[in-house]
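A.B. asks: Got my_file_14.txt for you, compact mmCIF, C-alpha atoms and all ligand atoms:
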# COMPACT_ATOMS: atom_id res chain seq x y z
CA MET Z 9 27.58 -34.72 15.11
CA THR Z 10 26.64 -32.66 18.17
CA MET Z 11 25.70 -29.06 17.67
CA GLN Z 12 28.09 -26.53 19.22
CA ARG Z 13 26.47 -23.65 21.09
CA ARG Z 14 26.81 -20.51 19.02
CA ALA Z 15 28.23 -17.36 20.63
CA GLU Z 16 25.73 -14.95 19.11
CA LYS Z 17 22.11 -15.23 20.16
CA ILE Z 18 19.44 -15.78 17.52
CA GLU Z 19 16.77 -13.36 18.67
CA PHE Z 20 13.17 -14.53 18.76
CA PHE Z 21 12.03 -11.41 16.93
CA ARG Z 22 13.58 -8.45 15.17
CA HIS Z 23 11.36 -5.56 14.12
CA GLY Z 24 11.66 -4.07 10.65
CA ILE Z 25 11.95 -0.36 11.53
CA ILE Z 26 14.55 1.30 9.32
CA GLU Z 27 16.04 4.80 8.94
CA GLU Z 28 13.17 6.18 6.84
CA ASP Z 29 10.70 5.25 9.58
CA ILE Z 30 12.90 6.81 12.25
CA ALA Z 31 13.16 9.96 10.12
CA ALA Z 32 9.37 10.13 9.87
CA ALA Z 33 8.98 9.80 13.66
CA THR Z 34 11.73 12.37 14.21
CA ALA Z 35 9.92 14.81 11.93
CA VAL Z 36 6.87 14.54 14.19
CA LEU Z 37 9.04 15.12 17.27
CA ARG Z 38 10.43 18.27 15.64
CA SER Z 39 6.93 19.51 14.89
CA ILE Z 40 4.53 21.12 17.36
CA PHE Z 41 1.84 18.42 17.25
CA LEU Z 42 2.55 15.07 18.92
CA THR Z 43 -0.80 13.40 19.57
CA THR Z 44 -3.52 12.10 17.19
CA GLY Z 45 -3.37 14.38 14.15
CA THR Z 46 -2.63 14.56 10.45
CA VAL Z 47 0.01 11.81 10.46
CA THR Z 48 -2.42 9.38 12.07
CA ARG Z 49 -5.07 10.40 9.53
CA ASP Z 50 -2.61 9.78 6.74
CA PHE Z 51 -1.89 6.31 8.14
CA GLU Z 52 -5.62 5.59 8.45
CA ALA Z 53 -6.16 6.51 4.79
CA LYS Z 54 -3.24 4.37 3.62
CA PHE Z 55 -4.27 1.43 5.79
CA SER Z 56 -7.79 1.73 4.43
CA ASP Z 57 -6.36 1.45 0.89
CA TYR Z 58 -4.26 -1.56 1.89
CA THR Z 59 -7.06 -3.48 3.60
CA GLY Z 60 -9.78 -2.40 1.19
CA LEU Z 61 -11.93 -1.40 4.17
CA PRO Z 62 -13.57 2.01 3.81
CA TYR Z 63 -13.35 3.03 7.49
CA LEU Z 64 -10.22 2.67 9.54
CA VAL Z 65 -9.78 4.07 13.05
CA ALA Z 66 -6.27 4.00 14.52
CA LEU Z 67 -6.05 3.18 18.23
CA ASN Z 68 -3.35 2.57 20.81
CA SER Z 69 -3.82 -1.23 20.79
CA CYS Z 70 -5.68 -4.16 19.30
CA THR Z 71 -7.15 -4.77 22.74
CA ALA Z 72 -8.73 -1.30 22.50
CA ALA Z 73 -10.06 -2.17 19.03
CA LEU Z 74 -11.67 -5.35 20.39
CA HIS Z 75 -13.11 -3.51 23.40
CA LEU Z 76 -14.54 -0.61 21.35
CA SER Z 77 -15.93 -2.99 18.70
CA LEU Z 78 -17.99 -4.70 21.38
CA LEU Z 79 -19.08 -1.40 22.94
CA ALA Z 80 -20.02 0.02 19.55
CA TYR Z 81 -22.50 -2.84 19.21
CA ASP Z 82 -23.81 -2.19 22.75
CA ILE Z 83 -22.52 -5.53 24.05
CA GLY Z 84 -22.21 -5.66 27.83
CA VAL Z 85 -23.56 -7.13 31.07
CA GLY Z 86 -25.76 -10.19 30.50
CA ASP Z 87 -24.44 -10.85 27.00
CA GLU Z 88 -22.25 -13.72 25.83
CA VAL Z 89 -19.44 -13.50 23.31
CA ILE Z 90 -17.78 -16.56 21.80
CA VAL Z 91 -13.98 -16.69 21.80
CA PRO Z 92 -11.48 -19.45 20.96
CA ALA Z 93 -9.50 -21.25 23.68
CA MET Z 94 -6.33 -21.05 21.61
CA THR Z 95 -5.51 -17.34 21.57
CA PHE Z 96 -3.85 -14.52 23.48
CA ILE Z 97 -5.77 -13.51 26.61
CA ALA Z 98 -6.76 -10.09 25.18
CA THR Z 99 -9.36 -11.74 22.92
CA ALA Z 100 -11.27 -12.72 26.07
CA THR Z 101 -10.33 -9.90 28.46
CA ALA Z 102 -11.71 -7.30 26.02
CA VAL Z 103 -15.06 -9.10 26.33
CA MET Z 104 -14.80 -9.11 30.14
CA HIS Z 105 -14.07 -5.37 30.21
CA THR Z 106 -17.53 -4.74 28.70
CA GLY Z 107 -19.18 -6.79 31.46
CA ALA Z 108 -20.12 -9.53 28.97
CA THR Z 109 -19.16 -13.17 29.47
CA PRO Z 110 -16.59 -14.80 27.19
CA VAL Z 111 -17.78 -18.25 26.13
CA VAL Z 112 -14.77 -20.35 25.21
CA VAL Z 113 -14.82 -22.79 22.29
CA ASP Z 114 -12.26 -25.46 21.42
CA CYS Z 115 -10.16 -25.48 18.26
CA LEU Z 116 -9.43 -27.79 15.34
CA PRO Z 117 -6.58 -30.24 15.97
CA GLU Z 118 -4.92 -29.67 12.57
CA SER Z 119 -4.66 -25.88 12.62
CA GLY Z 120 -5.46 -24.61 16.13
CA LEU Z 121 -8.18 -22.38 14.61
CA ILE Z 122 -11.65 -22.13 16.18
CA ASP Z 123 -13.86 -25.13 15.34
CA PRO Z 124 -17.01 -23.88 13.55
CA VAL Z 125 -19.05 -26.95 14.58
CA GLN Z 126 -18.36 -26.48 18.30
CA LEU Z 127 -18.80 -22.75 17.83
CA GLU Z 128 -22.37 -23.13 16.63
CA ARG Z 129 -23.15 -25.50 19.52
CA ALA Z 130 -22.02 -22.80 21.97
CA VAL Z 131 -24.60 -20.26 20.72
CA THR Z 132 -27.34 -19.49 23.27
CA SER Z 133 -30.13 -16.92 23.46
CA LYS Z 134 -27.63 -14.58 25.17
CA THR Z 135 -24.94 -14.79 22.49
CA LYS Z 136 -24.30 -11.45 20.78
CA ALA Z 137 -21.02 -11.86 18.94
CA ILE Z 138 -18.20 -14.15 17.84
CA VAL Z 139 -14.53 -13.12 18.01
CA PRO Z 140 -12.60 -15.43 15.67
CA VAL Z 141 -8.80 -15.28 15.81
CA HIS Z 142 -6.58 -15.67 12.74
CA LEU Z 143 -3.97 -17.68 14.63
CA TYR Z 144 -0.28 -17.56 13.62
CA GLY Z 145 -1.35 -15.67 10.45
CA SER Z 146 -3.89 -18.23 9.14
CA LEU Z 147 -7.47 -17.06 8.74
CA ALA Z 148 -10.23 -18.79 10.66
CA ASP Z 149 -12.96 -20.26 8.44
CA MET Z 150 -14.68 -16.91 7.90
CA ARG Z 151 -17.23 -18.20 5.40
CA ALA Z 152 -18.49 -20.77 7.91
CA ILE Z 153 -18.36 -18.28 10.78
CA ARG Z 154 -20.27 -15.60 8.84
CA ALA Z 155 -22.95 -18.17 7.95
CA ILE Z 156 -23.34 -19.17 11.62
CA ALA Z 157 -23.50 -15.51 12.65
CA ASP Z 158 -26.18 -14.80 10.06
CA ARG Z 159 -28.25 -17.81 11.11
CA HIS Z 160 -28.30 -16.57 14.73
CA GLY Z 161 -28.16 -12.80 14.23
CA LEU Z 162 -24.67 -12.34 15.71
CA ARG Z 163 -21.88 -9.83 15.13
CA VAL Z 164 -18.46 -11.00 14.00
CA ILE Z 165 -15.47 -9.12 15.41
CA GLU Z 166 -12.24 -10.43 13.88
CA ASP Z 167 -9.09 -10.56 15.99
CA ALA Z 168 -6.57 -10.03 13.18
CA ALA Z 169 -3.61 -9.26 15.44
CA HIS Z 170 -1.68 -12.00 13.60
CA CYS Z 171 -3.06 -11.41 10.15
CA ILE Z 172 -3.06 -8.24 8.09
CA GLU Z 173 -1.88 -9.87 4.88
CA GLY Z 174 -3.52 -13.31 4.77
CA GLU Z 175 -6.31 -14.66 2.61
CA ARG Z 176 -8.50 -17.77 2.65
CA ASP Z 177 -11.27 -18.92 0.27
CA GLY Z 178 -10.97 -15.56 -1.48
CA VAL Z 179 -11.60 -13.72 1.80
CA ARG Z 180 -9.27 -11.27 3.53
CA PRO Z 181 -9.43 -10.09 7.15
CA GLY Z 182 -12.32 -7.68 7.65
CA GLN Z 183 -14.24 -8.58 4.51
CA LEU Z 184 -16.82 -10.82 6.21
CA GLY Z 185 -16.56 -9.49 9.77
CA ASP Z 186 -18.54 -6.54 11.14
CA THR Z 187 -15.31 -5.12 12.47
CA VAL Z 188 -11.68 -6.26 12.32
CA CYS Z 189 -9.04 -5.52 14.93
CA TYR Z 190 -5.35 -5.14 14.07
CA SER Z 191 -2.30 -4.89 16.34
CA PHE Z 192 0.92 -2.96 15.83
CA TYR Z 193 2.43 -4.24 19.08
CA ALA Z 194 6.23 -4.59 19.23
CA THR Z 195 6.41 -8.09 17.73
CA LYS Z 196 3.63 -7.99 15.13
CA ASN Z 197 4.23 -7.99 11.35
CA LEU Z 198 3.60 -4.23 11.29
CA ALA Z 199 5.02 -2.86 14.54
CA CYS Z 200 5.44 0.52 16.24
CA GLY Z 201 5.80 -0.61 19.88
CA GLU Z 202 2.16 -0.21 20.88
CA GLY Z 203 -0.69 0.43 18.47
CA GLY Z 204 -3.80 -0.95 16.83
CA ALA Z 205 -6.63 -0.19 14.44
CA LEU Z 206 -10.24 -1.04 13.85
CA GLY Z 207 -11.59 -1.54 10.35
CA THR Z 208 -15.23 -1.66 9.30
CA LYS Z 209 -17.56 -1.11 6.37
CA ASP Z 210 -20.08 0.67 8.63
CA PRO Z 211 -19.57 4.45 8.88
CA ALA Z 212 -21.77 4.73 11.99
CA ILE Z 213 -19.65 2.19 13.88
CA ALA Z 214 -16.45 3.97 12.82
CA GLU Z 215 -17.86 7.28 14.04
CA LYS Z 216 -18.86 5.78 17.42
CA VAL Z 217 -15.38 4.30 17.84
CA ARG Z 218 -13.74 7.61 16.92
CA ILE Z 219 -15.64 9.32 19.73
CA LEU Z 220 -15.03 6.52 22.23
CA ARG Z 221 -11.27 6.52 21.59
CA THR Z 222 -10.88 10.01 23.13
CA HIS Z 223 -12.99 10.32 26.27
CA GLY Z 224 -16.28 10.49 24.34
CA MET Z 225 -15.38 14.01 23.18
CA SER Z 226 -17.18 15.42 20.15
CA ARG Z 227 -13.94 16.89 18.75
CA GLU Z 228 -10.39 15.62 18.84
CA ALA Z 229 -7.39 17.83 19.54
CA ALA Z 230 -6.64 17.98 15.80
CA ASP Z 231 -10.13 19.38 15.10
CA ARG Z 232 -9.83 21.97 17.84
CA TYR Z 233 -6.48 23.05 16.53
CA THR Z 234 -7.96 25.44 14.01
CA ASP Z 235 -8.00 29.23 13.52
CA ARG Z 236 -11.15 29.83 15.46
CA TYR Z 237 -11.62 28.07 18.81
CA GLN Z 238 -14.42 25.55 18.73
CA HIS Z 239 -15.97 24.13 21.88
CA TRP Z 240 -16.07 20.39 22.34
CA ASP Z 241 -18.79 18.52 24.14
CA MET Z 242 -18.82 15.19 25.96
CA VAL Z 243 -21.34 13.00 24.16
CA ALA Z 244 -20.52 9.53 25.54
CA LEU Z 245 -18.50 7.85 28.28
CA GLY Z 246 -15.35 7.08 26.37
CA TRP Z 247 -11.84 5.78 26.92
CA LYS Z 248 -8.28 7.00 26.33
CA TYR Z 249 -7.38 4.81 23.38
CA ASN Z 250 -6.11 7.31 20.80
CA PRO Z 251 -2.72 6.80 19.13
CA THR Z 252 0.07 9.37 18.85
CA ASP Z 253 1.37 10.82 15.60
CA ILE Z 254 4.88 9.87 16.79
CA LEU Z 255 4.06 6.16 16.57
CA SER Z 256 1.74 6.46 13.55
CA ALA Z 257 4.71 7.94 11.67
CA LEU Z 258 6.59 4.65 12.16
CA LEU Z 259 3.84 2.74 10.36
CA ILE Z 260 3.38 4.64 7.10
CA ARG Z 261 6.50 3.54 5.20
CA GLN Z 262 6.49 0.12 6.89
CA LEU Z 263 3.03 -0.42 5.42
CA GLU Z 264 4.39 0.35 1.95
CA ARG Z 265 7.01 -2.38 2.50
CA LEU Z 266 4.57 -4.91 4.00
CA ASP Z 267 4.00 -7.02 0.87
CA GLU Z 268 7.72 -7.10 0.21
CA THR Z 269 8.45 -8.26 3.76
CA LEU Z 270 5.71 -10.89 3.43
CA VAL Z 271 7.60 -12.40 0.49
CA GLN Z 272 10.71 -12.52 2.70
CA ARG Z 273 8.72 -14.11 5.53
CA GLU Z 274 7.36 -16.71 3.12
CA ARG Z 275 10.92 -17.58 2.10
CA VAL Z 276 11.97 -18.08 5.73
CA TRP Z 277 8.78 -20.11 6.32
CA GLU Z 278 9.48 -22.40 3.34
CA ARG Z 279 13.09 -22.87 4.38
CA TYR Z 280 12.04 -23.92 7.89
CA THR Z 281 9.42 -26.28 6.45
CA ARG Z 282 12.04 -27.90 4.20
CA LEU Z 283 14.63 -28.19 7.00
CA LEU Z 284 12.18 -29.69 9.50
CA GLU Z 285 10.67 -32.16 7.07
CA GLY Z 286 10.79 -35.78 8.21
CA MET Z 287 11.42 -34.96 11.89
CA GLY Z 288 8.95 -37.39 13.46
CA HIS Z 289 9.12 -35.80 16.92
CA LEU Z 290 7.51 -32.57 15.77
CA ARG Z 291 4.74 -31.44 13.50
CA LEU Z 292 3.69 -28.18 11.93
CA PRO Z 293 0.15 -26.80 12.12
CA ASP Z 294 -1.85 -26.96 8.89
CA VAL Z 295 -2.15 -23.68 7.03
CA PRO Z 296 -5.49 -23.26 5.28
CA GLY Z 297 -5.17 -20.65 2.53
CA LYS Z 298 -2.49 -17.96 2.33
CA SER Z 299 -0.97 -17.16 5.72
CA ALA Z 300 0.26 -13.75 6.83
CA CYS Z 301 3.21 -15.79 8.22
CA HIS Z 302 3.23 -14.18 11.64
CA LEU Z 303 4.45 -16.94 13.97
CA PHE Z 304 6.36 -20.06 13.04
CA THR Z 305 5.16 -22.67 15.48
CA ILE Z 306 6.08 -26.31 15.99
CA TRP Z 307 4.12 -28.85 18.01
CA VAL Z 308 6.12 -31.42 20.00
CA ALA Z 309 5.15 -34.07 22.57
CA PRO Z 310 3.55 -32.31 25.57
CA GLU Z 311 5.75 -34.12 28.09
CA ARG Z 312 8.87 -32.89 26.28
CA ARG Z 313 7.87 -29.32 25.40
CA ASP Z 314 9.54 -27.49 28.27
CA GLU Z 315 12.70 -29.58 27.97
CA ILE Z 316 13.00 -28.74 24.26
CA LEU Z 317 12.16 -25.10 24.92
CA HIS Z 318 14.92 -24.84 27.51
CA ARG Z 319 17.44 -26.74 25.40
CA LEU Z 320 16.84 -24.33 22.50
CA GLN Z 321 17.38 -21.44 24.90
CA ALA Z 322 20.57 -23.06 26.20
CA MET Z 323 21.77 -23.14 22.59
CA ASN Z 324 21.28 -19.34 22.42
CA ILE Z 325 18.03 -19.46 20.45
CA GLY Z 326 15.16 -17.12 21.36
CA VAL Z 327 11.84 -18.93 21.82
CA ALA Z 328 8.27 -18.21 22.92
CA VAL Z 329 5.02 -20.07 23.62
CA ASN Z 330 2.03 -18.80 21.64
CA TYR Z 331 -0.02 -19.85 23.52
CA ARG Z 332 -1.00 -21.98 26.48
CA ALA Z 333 -4.79 -22.26 26.06
CA ILE Z 334 -6.53 -19.42 27.90
CA HIS Z 335 -8.84 -21.69 29.90
CA THR Z 336 -5.79 -23.34 31.52
CA LEU Z 337 -4.57 -20.03 32.96
CA ARG Z 338 -5.24 -19.37 36.63
CA TYR Z 339 -7.63 -16.45 36.27
CA PHE Z 340 -9.89 -18.33 33.87
CA ARG Z 341 -9.72 -21.51 35.94
CA GLU Z 342 -10.64 -19.64 39.13
CA ASN Z 343 -13.32 -17.37 37.67
CA PHE Z 344 -14.99 -19.71 35.20
CA GLY Z 345 -14.29 -23.10 36.75
CA TYR Z 346 -12.56 -24.38 33.64
CA ARG Z 347 -10.39 -27.47 33.70
CA PRO Z 348 -7.90 -28.48 30.99
CA GLU Z 349 -10.38 -31.16 29.82
CA SER Z 350 -13.04 -28.48 29.24
CA PHE Z 351 -11.38 -27.77 25.88
CA PRO Z 352 -9.02 -30.70 25.38
CA ILE Z 353 -7.70 -29.92 21.92
CA ALA Z 354 -6.63 -26.37 22.76
CA ALA Z 355 -5.19 -27.60 26.08
CA ASP Z 356 -3.17 -30.20 24.19
CA ILE Z 357 -1.89 -27.77 21.53
CA GLY Z 358 -1.05 -25.30 24.29
CA ALA Z 359 1.06 -27.97 25.99
CA ARG Z 360 2.87 -28.87 22.74
CA THR Z 361 3.59 -25.53 21.17
CA ILE Z 362 6.93 -23.75 20.68
CA SER Z 363 7.41 -20.64 18.52
CA LEU Z 364 10.76 -20.46 16.74
CA PRO Z 365 12.63 -17.26 15.81
CA PHE Z 366 10.84 -15.83 12.81
CA TYR Z 367 11.35 -12.60 10.84
CA PRO Z 368 12.49 -11.59 7.34
CA SER Z 369 16.18 -11.25 8.22
CA LEU Z 370 16.49 -14.76 9.75
CA ASP Z 371 19.11 -16.20 7.41
CA GLU Z 372 19.95 -19.64 6.03
CA GLU Z 373 22.80 -20.29 8.48
CA GLN Z 374 20.61 -19.45 11.48
CA SER Z 375 17.74 -21.61 10.21
CA VAL Z 376 20.08 -24.56 9.59
CA TYR Z 377 21.48 -24.18 13.11
CA ILE Z 378 18.00 -24.13 14.69
CA ALA Z 379 16.91 -27.17 12.65
CA GLY Z 380 20.16 -28.95 13.56
CA CYS Z 381 19.45 -28.43 17.27
CA LEU Z 382 15.86 -29.68 16.87
CA ARG Z 383 17.06 -32.79 15.04
CA GLU Z 384 19.18 -33.70 18.09
CA TYR Z 385 16.13 -33.62 20.36
CA ALA Z 386 14.41 -36.49 18.51
C1 LIG Y 401 -1.08 -9.24 20.26
C2 LIG Y 401 -2.46 -9.81 20.29
C3 LIG Y 401 -3.54 -9.09 20.79
C4 LIG Y 401 -3.40 -7.79 21.51
O1 LIG Y 401 -2.81 -6.80 20.76
P1 LIG Y 401 -2.37 -5.43 21.49
O2 LIG Y 401 -2.13 -4.52 20.35
O3 LIG Y 401 -1.14 -5.75 22.27
O4 LIG Y 401 -3.50 -5.02 22.34
C5 LIG Y 401 -4.80 -9.62 20.68
N1 LIG Y 401 -4.99 -10.83 20.13
C6 LIG Y 401 -3.97 -11.58 19.67
C7 LIG Y 401 -4.26 -12.90 19.03
C8 LIG Y 401 -2.66 -11.09 19.76
O5 LIG Y 401 -1.65 -11.84 19.34
For the file at hand, write its structure as structure tokens.
C.D. replies:
Amino acid sequence: MTMQRRAEKIEFFRHGIIEEDIAAATAVLRSIFLTTGTVTRDFEAKFSDYTGLPYLVALNSCTAALHLSLLAYDIGVGDEVIVPAMTFIATATAVMHTGATPVVVDCLPESGLIDPVQLERAVTSKTKAIVPVHLYGSLADMRAIRAIADRHGLRVIEDAAHCIEGERDGVRPGQLGDTVCYSFYATKNLACGEGGALGTKDPAIAEKVRILRTHGMSREAADRYTDRYQHWDMVALGWKYNPTDILSALLIRQLERLDETLVQRERVWERYTRLLEGMGHLRLPDVPGKSACHLFTIWVAPERRDEILHRLQAMNIGVAVNYRAIHTLRYFRENFGYRPESFPIAADIGARTISLPFYPSLDEEQSVYIAGCLREYA
């Protein structure tokens, strides 16, 4: 049987913003205060409860959280920071924005997560920090990474853009890292368009980041907005990374629904796994521990990836590639002299990978259709 192209597109992603979130954002728009204020503080408090991390600073992106984490630990020119080859570019560009050098490390062939053995080999006298990435929603081996960091006196800054809800070996994002960086970008599990947050157990780091997120000013607009005018001072060279209350409002009720939507994601994940079982021309990455189920990725033969990608698209299925390994991208090749063979496992995974449509409302009929198309490409 040949699959017939369906008339209605299956989107790659659909966000989970509903009327109550829109009402919360509208309430901010009807108020007088639009920028970082009480709604953002409310979100920070609720996100702190959810993550179990005592200090949460909301920002306008995860990239900002990564950048300010590094700056808060005085990492900059002359320093090295270890990053995985299999990640989104922001993991490495945040390092470059501080003036430090990203040192790329290859990943494990089963999961695509950073390889702790190669990681430790990459440590030099200049290394200051490690930025592990919890790829697709699966946590990196944080126990191993923390042990390496402690042996060499390094900071661990977790890129948890894919993983708010996951757990591995009894560890959740942020529990073993010095800081953890979350994303609320348009397609993340918790999404408001653009947004991020930094979590930490260290109050001094949180305070530094709070100041750096608004120009290095000693008081934020919300603090100045009191009965009696209070002067602010500039105490550091900061950035413009603060979030707005308009977008923070979209996150508060979504966060309350996050565990419920994770159960729905897990159902879609299991259904895909069942439907794709036995298809010899593709494989699924291993999932160590409990995944946050962010991206549903298949690995196919590298020489057939683009063909399959385009055939899925031709069948009206939304697809993405998360990711081609960063060291194979032009900027990294030209500026660091990397070649695909420099990190062969990540290069290979990056040449094989396809992300399928994945979100709680992806239904049985859609999943069966997608699996049916993939079966034909054997
Ligand atoms: C999305 C993403 C980021 C960047 O998040 P922003 O909020 O868009 O800055 C960083 N790392 C990974 C792994 C991501 O997927």
A.B. asks: Identify, counting only C-alpha atoms and all ligand atoms, the protein, DNA and RNA residues located within 7 Å of ligand LIG 401 (chain Y), and give them as JSON, numbers by chain.
C.D. replies: {"Z": [69, 70, 71, 72, 95, 96, 98, 99, 141, 143, 167, 168, 169, 170, 191, 192, 193, 202, 203, 204]}
A.B. asks: Let me make sure I understand: among Z:Leu127, Z:Ala108, Z:Gly297, Z:Arg227, which one has the smallest atom-to-atom distance to Asp177 of chain Z if we use only C-alpha atoms?
C.D. replies: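 With only C-alpha atoms as the atom set, the closest residue is Z:Gly297.
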A.B. asks: Between Z:Gly24, Z:Gly185, Z:Pro293, Z:Gly45, which has the minimum distance to Gly207 of chain Z (counting all atoms listed in the file)?
C.D. replies: Z:Gly185
A.B. asks: Measuring atom to atom with all atoms listed in the file, identify which of Z:Val65, Z:Ala53, Z:Ser375, Z:Tyr339 is nearest to Arg282 of chain Z.
C.D. replies: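 Once distances to Arg282 of chain Z are computed over all atoms listed in the file, the minimum belongs to Z:Ser375.
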A.B. asks: Between Z:Val164, Z:Ile122, Z:Val295, Z:Met104, which has the minimum distance to Gly86 of chain Z (counting all atoms listed in the file)?
C.D. replies: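 Answer, going by the shortest atom-to-atom distance: Z:Met104.
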A.B. asks: What is the atom CA of Ile357 of chain Z to atom CA of Cys115 of chain Z distance in Å?
C.D. replies: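 Atom CA of Cys115 of chain Z lies 9.2 Å from atom CA of Ile357 of chain Z.
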A.B. asks: For the point (7.1, -14.5, 13.9) in the file's frame, write as a list in words all residues with an atom no more than 9 Å away, counting all atoms listed in the file.
C.D. replies: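 Here is the list of nearby residues: Phe20, Phe21, Arg22, Tyr144, Thr195, Lys196, Asn197, Arg273, Cys301, His302, Leu303, Phe304, Thr305, Ser363, Leu364, Pro365, Phe366, Tyr367 and Pro368 of chain Z.
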A.B. asks: Which distance in Å separates atom CA of Glu19 of chain Z and atom CA of Thr252 of chain Z, to one decimal?
C.D. replies: 28.2 Å
A.B. asks: Please provide as a PyMOL selection string all residues within 12 Å of Glu372 of chain Z, with the sequence filter that same-chain residues fewer than 5 positions apart are discarded (counting only C-alpha atoms).
C.D. replies: chain Z and resi 275-280+282-283+366+377-380
A.B. asks: With all atoms listed in the file as the basis for distance, which of Z:Gln374, Z:Asn343, Z:Asn250, Z:Gln12 is at the shortest distance from Thr43 of chain Z?
C.D. replies: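 Of all the options, Z:Asn250 lies closest to Thr43 of chain Z.
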A.B. asks: Would you please work out which residue, of Z:Asp50, Z:Asp231, Z:Asp356, Z:Asp149, is nearest to Trp307 of chain Z when using all atoms listed in the file?
C.D. replies: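 Nearest to Trp307 of chain Z: Z:Asp356.
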A.B. asks: Could you pull the residues within 10 Å of Trp240 of chain Z, counting all atoms listed in the file, minus those fewer than 4 positions along the same chain, as a ChimeraX atom specification?
C.D. replies: /Z:225-229,231-232
A.B. asks: Atoms to include: C-alpha atoms. Write the selected residues as a PDB file, in the frame of the given file.
C.D. replies:
ATOM      1  CA  MET Z 225     -15.380  14.010  23.180  1.00  0.00           C
ATOM      2  CA  SER Z 226     -17.180  15.420  20.150  1.00  0.00           C
ATOM      3  CA  ARG Z 227     -13.940  16.890  18.750  1.00  0.00           C
ATOM      4  CA  GLU Z 228     -10.390  15.620  18.840  1.00  0.00           C
ATOM      5  CA  ALA Z 229      -7.390  17.830  19.540  1.00  0.00           C
ATOM      6  CA  ASP Z 231     -10.130  19.380  15.100  1.00  0.00           C
ATOM      7  CA  ARG Z 232      -9.830  21.970  17.840  1.00  0.00           C
TER       8      ARG Z 232
END
A.B. asks: For segment 54-64 of chain Z, list every protein, DNA or RNA residue within 12 Å, evaluated using all atoms listed in the file, and leave out those in the same chain fewer than 4 positions away; present the list as a ChimeraX atom specification.
C.D. replies: /Z:47-50,73,168,171-175,179-190,198,204-218,256-257,259-267
A.B. asks: So the first atom is atom CA of Ile97 of chain Z and the second is atom CA of Ala333 of chain Z; what is the distance between them in Å, to one decimal place?
C.D. replies: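 Pair atom CA of Ile97 of chain Z / atom CA of Ala333 of chain Z returns 8.8 Å.
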A.B. asks: Would you kindly return, as a list in words, each protein, DNA or RNA residue with an atom no farther than 6 Å from any atom of Asn324 of chain Z, considering all atoms listed in the file and excluding same-chain residues fewer than 2 positions away?
C.D. replies: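 Using all atoms listed in the file, the neighbours found are Lys17, Gln321 and Ala322 of chain Z.
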A.B. asks: Rebuild segment 22-34 of chain Z so that it carries N, CA and C atoms, then output the result as an mmCIF file, in the frame of the given file.
C.D. replies:
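Saved result, result29.cif, follows:
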data_model
loop_
_atom_site.group_PDB
_atom_site.id
_atom_site.type_symbol
_atom_site.label_atom_id
_atom_site.label_comp_id
_atom_site.auth_asym_id
_atom_site.auth_seq_id
_atom_site.Cartn_x
_atom_site.Cartn_y
_atom_site.Cartn_z
ATOM 1 N N ARG Z 22 12.917 -9.728 15.479
ATOM 2 C CA ARG Z 22 13.580 -8.450 15.170
ATOM 3 C C ARG Z 22 12.600 -7.623 14.353
ATOM 4 N N HIS Z 23 12.311 -6.429 14.840
ATOM 5 C CA HIS Z 23 11.360 -5.560 14.120
ATOM 6 C C HIS Z 23 12.007 -5.042 12.838
ATOM 7 N N GLY Z 24 11.166 -4.504 11.958
ATOM 8 C CA GLY Z 24 11.660 -4.070 10.650
ATOM 9 C C GLY Z 24 11.697 -2.556 10.500
ATOM 10 N N ILE Z 25 11.881 -1.835 11.616
ATOM 11 C CA ILE Z 25 11.950 -0.360 11.530
ATOM 12 C C ILE Z 25 13.311 0.046 10.991
ATOM 13 N N ILE Z 26 13.289 0.874 9.926
ATOM 14 C CA ILE Z 26 14.550 1.300 9.320
ATOM 15 C C ILE Z 26 14.650 2.838 9.347
ATOM 16 N N GLU Z 27 15.752 3.361 8.808
ATOM 17 C CA GLU Z 27 16.040 4.800 8.940
ATOM 18 C C GLU Z 27 14.891 5.685 8.451
ATOM 19 N N GLU Z 28 14.233 5.297 7.351
ATOM 20 C CA GLU Z 28 13.170 6.180 6.840
ATOM 21 C C GLU Z 28 11.996 6.269 7.818
ATOM 22 N N ASP Z 29 11.768 5.210 8.574
ATOM 23 C CA ASP Z 29 10.700 5.250 9.580
ATOM 24 C C ASP Z 29 11.117 6.146 10.755
ATOM 25 N N ILE Z 30 12.373 5.993 11.140
ATOM 26 C CA ILE Z 30 12.900 6.810 12.250
ATOM 27 C C ILE Z 30 12.870 8.289 11.862
ATOM 28 N N ALA Z 31 13.190 8.563 10.597
ATOM 29 C CA ALA Z 31 13.160 9.960 10.120
ATOM 30 C C ALA Z 31 11.736 10.517 10.177
ATOM 31 N N ALA Z 32 10.764 9.676 9.849
ATOM 32 C CA ALA Z 32 9.370 10.130 9.870
ATOM 33 C C ALA Z 32 8.925 10.432 11.312
ATOM 34 N N ALA Z 33 9.337 9.570 12.254
ATOM 35 C CA ALA Z 33 8.980 9.800 13.660
ATOM 36 C C ALA Z 33 9.703 11.035 14.191
ATOM 37 N N THR Z 34 10.949 11.207 13.779
ATOM 38 C CA THR Z 34 11.730 12.370 14.210
ATOM 39 C C THR Z 34 11.086 13.661 13.705
#
